[in-house]
Amino acid sequence: MIDFWSNLHPVVQGLLKGLAVILVIFPLAGACSLAERKISAWMQRRPGPNRAIVPWFAYVPFLGRFLQRLGVFHLIADGAKFLFKEEPMPGHVNKLYYVLAPALAMMPAFATVTVVPFGAYFNAAGDAVPLMLANVDVGLLAVFAVSSLGVYSLILAGWASNSKYPFLGGIRASAQLISYELSLTLSVVPVFLWINAPGTPGTMSLAKVVEFQSLPGFWGGTWFLFLMPLSAFIFLVALFAETNRLPFDMAESEADLVGGFHTEYGAFKWSLFFVAEYSNMLVGSGVFALLFLGGWNPLPWLPLADFVGWLHHLTGAAWTIHPLFVGLLSIAIFLGKVLGLIFVFMWVRWTVPRFRYDQIMKLGWQKLLPLAIANLIFYALAIALIQQSAS
């Protein structure tokens, strides 16, 4: 199978990788939208979506009613509605940029997926081989560079709508994202100062961060969440702002903008903005899990290699060390952490009230940014002292 893939033309490989991203991210984004409604209903002590069902599926014993109560058929109904609903085109909009904005929102969200490792397996030499579509050494830099382009879709949607409230939503989004990108970037610098010791090749690879959290010993197996809790907190808060999630949803803010930058949108184009939002949440949660939660390592001080060895010793089965099983196991562990973080996103949305716009700007510039700078200075000095004493 590996030889067959290697012999394919690079263009064919690129097309297949792009198709794989679409086939994975679209269903996951749809599942997140369903989970959001069910979680909000659970928090508010109401049933949530539980009535739609395919007629013939109602006759399937137990399973049909179970899936109906779970709300699965609402997801199918919503997808079909957005796909086949009549596309509105207001007469006052700039049509070219109005249509371009939703597509522009999707491109960065899908492009960043390619450089995020989502699992690993072990080769014949026992080395961990990360599973990712594009194994580049500047992985995190690529995520930050490409994801920052997503703000242009919000600005373009607000401007092309030729309407007051969408335009204000686009301006708010651009100011907010620029404000919190600085703190987001500064929060991860201590992590790479820690793993890039003097005399070693410098790297920005997310896979190397996980590899560093898989080393033996107390400090080697410690997740960066425990080594750098303030960095993790700053990154998570900035991630909420970067994805326009409550309490940072100033780009939409239904209370005073009627819906914000997407007020003039409907049907499939409207849904693309929210597929992009959930995609950014998934990618952001994946990056957080890689940086601070050990990636595909199941527990602190328990790397994947030791866990697989324990399973093999317990069962004695050869399939427990097969690369396919190890790869699937690592993906399951990583995906579990990502879904846990997605739950945190939704939990905060339905718990914390929305900030005012001036509060968001004050938090970003006067609180979070100085905190990120102080955190960076502290760890730069601490890491320099540790490395000096070790040498």
# chains A, B, ... in the order shown; residues from 1 in each chain; ligands from 1

$ residues_around --residues "range 348-357 of chain A" --least-positions-apart "5" --cutoff "8 Å" --atoms "only C-alpha atoms" --output "PyMOL selection string"
chain A and resi 40+43+245-250

$ residues_around --residues "range 93-107 of chain A" --least-positions-apart "3" --cutoff "7 Å" --atoms "only C-alpha atoms" --output "MDAnalysis selection string"
chainID A and resid 90 110:111 150 153 156:157 160:162 269 272:273 276

$ closest_residue --among "A:Tyr121, A:Leu282, A:Glu264, A:Ala372" --to "His92 in chain A" --atoms "only C-alpha atoms"
A:Glu264

$ residues_around --residues "Met361 in chain A" --least-positions-apart "2" --cutoff "12 Å" --atoms "only C-alpha atoms" --output "ChimeraX atom specification"
/A:172-180,241,248,250,355-359,363-369

$ closest_residue --among "A:Val191, A:Leu239, A:Ile22, A:Leu8" --to "Ala109 in chain A" --atoms "only C-alpha atoms"
A:Ile22

$ atom_distance --atom1 "CA of Phe268 in chain A" --atom2 "CA of Phe26 in chain A"
12.9 Å

$ closest_residue --among "A:Thr263, A:Asn297, A:Gln68, A:Thr200" --to "Gly336 in chain A" --atoms "only C-alpha atoms"
A:Asn297

$ residues_around --residues "Phe57 in chain A" --least-positions-apart "6" --cutoff "10 Å" --atoms "only C-alpha atoms" --output "list of chain:residue names"
A:Leu63, A:Gly64, A:Arg65, A:Leu67, A:Gln68

$ closest_residue --among "A:Leu75, A:Leu186, A:Val210, A:Val326" --to "Cys32 in chain A" --atoms "only C-alpha atoms"
A:Leu75

$ decode --residues "range 81-130 of chain A" --atoms "N, CA and C atoms" --output "PDB file, in the first residue's frame"
ATOM      1  N   LYS A  81     -30.762  20.886   3.727  1.00  0.00           N
ATOM      2  CA  LYS A  81     -31.416  22.195   3.615  1.00  0.00           C
ATOM      3  C   LYS A  81     -30.429  23.251   3.109  1.00  0.00           C
ATOM      4  N   PHE A  82     -29.247  23.303   3.698  1.00  0.00           N
ATOM      5  CA  PHE A  82     -28.263  24.300   3.280  1.00  0.00           C
ATOM      6  C   PHE A  82     -27.809  24.070   1.843  1.00  0.00           C
ATOM      7  N   LEU A  83     -27.744  22.807   1.433  1.00  0.00           N
ATOM      8  CA  LEU A  83     -27.237  22.489   0.096  1.00  0.00           C
ATOM      9  C   LEU A  83     -28.245  22.817  -0.990  1.00  0.00           C
ATOM     10  N   PHE A  84     -29.529  22.582  -0.728  1.00  0.00           N
ATOM     11  CA  PHE A  84     -30.550  22.706  -1.775  1.00  0.00           C
ATOM     12  C   PHE A  84     -31.453  23.933  -1.612  1.00  0.00           C
ATOM     13  N   LYS A  85     -31.263  24.686  -0.530  1.00  0.00           N
ATOM     14  CA  LYS A  85     -32.080  25.867  -0.336  1.00  0.00           C
ATOM     15  C   LYS A  85     -31.732  26.930  -1.381  1.00  0.00           C
ATOM     16  N   GLU A  86     -32.723  27.722  -1.772  1.00  0.00           N
ATOM     17  CA  GLU A  86     -32.483  28.770  -2.760  1.00  0.00           C
ATOM     18  C   GLU A  86     -31.467  29.779  -2.226  1.00  0.00           C
ATOM     19  N   GLU A  87     -30.472  30.105  -3.054  1.00  0.00           N
ATOM     20  CA  GLU A  87     -29.404  31.014  -2.653  1.00  0.00           C
ATOM     21  C   GLU A  87     -29.854  32.470  -2.810  1.00  0.00           C
ATOM     22  N   PRO A  88     -29.952  33.219  -1.716  1.00  0.00           N
ATOM     23  CA  PRO A  88     -30.315  34.640  -1.847  1.00  0.00           C
ATOM     24  C   PRO A  88     -29.133  35.461  -2.383  1.00  0.00           C
ATOM     25  N   MET A  89     -29.416  36.424  -3.198  1.00  0.00           N
ATOM     26  CA  MET A  89     -28.401  37.339  -3.711  1.00  0.00           C
ATOM     27  C   MET A  89     -28.962  38.756  -3.646  1.00  0.00           C
ATOM     28  N   PRO A  90     -28.765  39.457  -2.517  1.00  0.00           N
ATOM     29  CA  PRO A  90     -29.306  40.820  -2.398  1.00  0.00           C
ATOM     30  C   PRO A  90     -28.801  41.710  -3.536  1.00  0.00           C
ATOM     31  N   GLY A  91     -29.659  42.617  -3.992  1.00  0.00           N
ATOM     32  CA  GLY A  91     -29.310  43.452  -5.130  1.00  0.00           C
ATOM     33  C   GLY A  91     -28.274  44.502  -4.822  1.00  0.00           C
ATOM     34  N   HIS A  92     -28.086  44.867  -3.536  1.00  0.00           N
ATOM     35  CA  HIS A  92     -27.184  45.963  -3.195  1.00  0.00           C
ATOM     36  C   HIS A  92     -25.762  45.522  -2.896  1.00  0.00           C
ATOM     37  N   VAL A  93     -25.462  44.215  -2.974  1.00  0.00           N
ATOM     38  CA  VAL A  93     -24.135  43.735  -2.592  1.00  0.00           C
ATOM     39  C   VAL A  93     -23.181  43.797  -3.774  1.00  0.00           C
ATOM     40  N   ASN A  94     -21.875  43.771  -3.464  1.00  0.00           N
ATOM     41  CA  ASN A  94     -20.849  43.614  -4.496  1.00  0.00           C
ATOM     42  C   ASN A  94     -20.733  42.120  -4.782  1.00  0.00           C
ATOM     43  N   LYS A  95     -21.314  41.673  -5.861  1.00  0.00           N
ATOM     44  CA  LYS A  95     -21.571  40.249  -6.079  1.00  0.00           C
ATOM     45  C   LYS A  95     -20.304  39.405  -6.107  1.00  0.00           C
ATOM     46  N   LEU A  96     -19.257  39.877  -6.761  1.00  0.00           N
ATOM     47  CA  LEU A  96     -18.027  39.073  -6.867  1.00  0.00           C
ATOM     48  C   LEU A  96     -17.448  38.791  -5.487  1.00  0.00           C
ATOM     49  N   TYR A  97     -17.236  39.832  -4.693  1.00  0.00           N
ATOM     50  CA  TYR A  97     -16.627  39.656  -3.372  1.00  0.00           C
ATOM     51  C   TYR A  97     -17.599  39.039  -2.372  1.00  0.00           C
ATOM     52  N   TYR A  98     -18.879  39.250  -2.586  1.00  0.00           N
ATOM     53  CA  TYR A  98     -19.905  38.634  -1.742  1.00  0.00           C
ATOM     54  C   TYR A  98     -19.845  37.114  -1.847  1.00  0.00           C
ATOM     55  N   VAL A  99     -19.656  36.612  -3.062  1.00  0.00           N
ATOM     56  CA  VAL A  99     -19.559  35.157  -3.277  1.00  0.00           C
ATOM     57  C   VAL A  99     -18.183  34.641  -2.877  1.00  0.00           C
ATOM     58  N   LEU A 100     -17.155  35.459  -3.052  1.00  0.00           N
ATOM     59  CA  LEU A 100     -15.789  35.026  -2.764  1.00  0.00           C
ATOM     60  C   LEU A 100     -15.523  34.870  -1.267  1.00  0.00           C
ATOM     61  N   ALA A 101     -16.162  35.675  -0.430  1.00  0.00           N
ATOM     62  CA  ALA A 101     -15.863  35.685   1.003  1.00  0.00           C
ATOM     63  C   ALA A 101     -16.056  34.327   1.684  1.00  0.00           C
ATOM     64  N   PRO A 102     -17.184  33.599   1.477  1.00  0.00           N
ATOM     65  CA  PRO A 102     -17.306  32.282   2.140  1.00  0.00           C
ATOM     66  C   PRO A 102     -16.242  31.290   1.706  1.00  0.00           C
ATOM     67  N   ALA A 103     -15.886  31.316   0.394  1.00  0.00           N
ATOM     68  CA  ALA A 103     -14.831  30.413  -0.074  1.00  0.00           C
ATOM     69  C   ALA A 103     -13.495  30.770   0.563  1.00  0.00           C
ATOM     70  N   LEU A 104     -13.241  32.072   0.714  1.00  0.00           N
ATOM     71  CA  LEU A 104     -11.997  32.517   1.332  1.00  0.00           C
ATOM     72  C   LEU A 104     -11.931  32.119   2.804  1.00  0.00           C
ATOM     73  N   ALA A 105     -13.085  32.002   3.454  1.00  0.00           N
ATOM     74  CA  ALA A 105     -13.104  31.549   4.850  1.00  0.00           C
ATOM     75  C   ALA A 105     -12.700  30.085   4.969  1.00  0.00           C
ATOM     76  N   MET A 106     -13.046  29.283   3.966  1.00  0.00           N
ATOM     77  CA  MET A 106     -12.765  27.857   4.014  1.00  0.00           C
ATOM     78  C   MET A 106     -11.300  27.539   3.742  1.00  0.00           C
ATOM     79  N   MET A 107     -10.674  28.304   2.880  1.00  0.00           N
ATOM     80  CA  MET A 107      -9.315  27.953   2.422  1.00  0.00           C
ATOM     81  C   MET A 107      -8.299  27.885   3.560  1.00  0.00           C
ATOM     82  N   PRO A 108      -8.162  28.931   4.400  1.00  0.00           N
ATOM     83  CA  PRO A 108      -7.191  28.802   5.508  1.00  0.00           C
ATOM     84  C   PRO A 108      -7.545  27.693   6.488  1.00  0.00           C
ATOM     85  N   ALA A 109      -8.853  27.516   6.747  1.00  0.00           N
ATOM     86  CA  ALA A 109      -9.275  26.487   7.697  1.00  0.00           C
ATOM     87  C   ALA A 109      -8.866  25.095   7.228  1.00  0.00           C
ATOM     88  N   PHE A 110      -8.993  24.836   5.929  1.00  0.00           N
ATOM     89  CA  PHE A 110      -8.625  23.526   5.390  1.00  0.00           C
ATOM     90  C   PHE A 110      -7.121  23.400   5.182  1.00  0.00           C
ATOM     91  N   ALA A 111      -6.457  24.500   4.827  1.00  0.00           N
ATOM     92  CA  ALA A 111      -5.020  24.429   4.548  1.00  0.00           C
ATOM     93  C   ALA A 111      -4.214  24.125   5.809  1.00  0.00           C
ATOM     94  N   THR A 112      -4.630  24.658   6.944  1.00  0.00           N
ATOM     95  CA  THR A 112      -3.870  24.442   8.176  1.00  0.00           C
ATOM     96  C   THR A 112      -3.935  22.994   8.651  1.00  0.00           C
ATOM     97  N   VAL A 113      -4.972  22.263   8.241  1.00  0.00           N
ATOM     98  CA  VAL A 113      -5.098  20.860   8.649  1.00  0.00           C
ATOM     99  C   VAL A 113      -3.920  20.046   8.134  1.00  0.00           C
ATOM    100  N   THR A 114      -3.368  20.432   6.995  1.00  0.00           N
ATOM    101  CA  THR A 114      -2.350  19.614   6.344  1.00  0.00           C
ATOM    102  C   THR A 114      -1.044  19.537   7.128  1.00  0.00           C
ATOM    103  N   VAL A 115      -0.747  20.527   7.962  1.00  0.00           N
ATOM    104  CA  VAL A 115       0.539  20.543   8.670  1.00  0.00           C
ATOM    105  C   VAL A 115       0.392  20.151  10.142  1.00  0.00           C
ATOM    106  N   VAL A 116      -0.790  19.712  10.543  1.00  0.00           N
ATOM    107  CA  VAL A 116      -1.022  19.311  11.936  1.00  0.00           C
ATOM    108  C   VAL A 116      -0.960  17.789  12.033  1.00  0.00           C
ATOM    109  N   PRO A 117       0.020  17.226  12.754  1.00  0.00           N
ATOM    110  CA  PRO A 117       0.069  15.760  12.918  1.00  0.00           C
ATOM    111  C   PRO A 117      -1.076  15.284  13.801  1.00  0.00           C
ATOM    112  N   PHE A 118      -1.674  14.164  13.433  1.00  0.00           N
ATOM    113  CA  PHE A 118      -2.840  13.665  14.166  1.00  0.00           C
ATOM    114  C   PHE A 118      -2.636  12.263  14.713  1.00  0.00           C
ATOM    115  N   GLY A 119      -1.420  11.759  14.676  1.00  0.00           N
ATOM    116  CA  GLY A 119      -1.133  10.425  15.182  1.00  0.00           C
ATOM    117  C   GLY A 119       0.281  10.030  14.822  1.00  0.00           C
ATOM    118  N   ALA A 120       0.655   8.795  15.154  1.00  0.00           N
ATOM    119  CA  ALA A 120       1.995   8.310  14.847  1.00  0.00           C
ATOM    120  C   ALA A 120       1.989   6.792  14.866  1.00  0.00           C
ATOM    121  N   TYR A 121       2.984   6.215  14.205  1.00  0.00           N
ATOM    122  CA  TYR A 121       3.227   4.775  14.293  1.00  0.00           C
ATOM    123  C   TYR A 121       4.734   4.576  14.400  1.00  0.00           C
ATOM    124  N   PHE A 122       5.150   3.357  14.693  1.00  0.00           N
ATOM    125  CA  PHE A 122       6.571   3.073  14.884  1.00  0.00           C
ATOM    126  C   PHE A 122       7.092   2.232  13.734  1.00  0.00           C
ATOM    127  N   ASN A 123       8.218   2.668  13.157  1.00  0.00           N
ATOM    128  CA  ASN A 123       8.809   1.914  12.045  1.00  0.00           C
ATOM    129  C   ASN A 123       9.631   0.744  12.581  1.00  0.00           C
ATOM    130  N   ALA A 124      10.332   0.068  11.680  1.00  0.00           N
ATOM    131  CA  ALA A 124      11.091  -1.124  12.070  1.00  0.00           C
ATOM    132  C   ALA A 124      12.205  -0.798  13.057  1.00  0.00           C
ATOM    133  N   ALA A 125      12.728   0.421  12.996  1.00  0.00           N
ATOM    134  CA  ALA A 125      13.794   0.816  13.920  1.00  0.00           C
ATOM    135  C   ALA A 125      13.257   1.268  15.277  1.00  0.00           C
ATOM    136  N   GLY A 126      11.925   1.337  15.412  1.00  0.00           N
ATOM    137  CA  GLY A 126      11.325   1.770  16.667  1.00  0.00           C
ATOM    138  C   GLY A 126      11.154   3.257  16.800  1.00  0.00           C
ATOM    139  N   ASP A 127      11.400   3.992  15.728  1.00  0.00           N
ATOM    140  CA  ASP A 127      11.233   5.442  15.755  1.00  0.00           C
ATOM    141  C   ASP A 127       9.788   5.814  15.447  1.00  0.00           C
ATOM    142  N   ALA A 128       9.299   6.860  16.101  1.00  0.00           N
ATOM    143  CA  ALA A 128       7.933   7.325  15.868  1.00  0.00           C
ATOM    144  C   ALA A 128       7.874   8.102  14.553  1.00  0.00           C
ATOM    145  N   VAL A 129       6.932   7.737  13.703  1.00  0.00           N
ATOM    146  CA  VAL A 129       6.717   8.411  12.426  1.00  0.00           C
ATOM    147  C   VAL A 129       5.373   9.132  12.508  1.00  0.00           C
ATOM    148  N   PRO A 130       5.365  10.458  12.484  1.00  0.00           N
ATOM    149  CA  PRO A 130       4.091  11.184  12.630  1.00  0.00           C
ATOM    150  C   PRO A 130       3.196  11.012  11.421  1.00  0.00           C
TER     151      PRO A 130
END
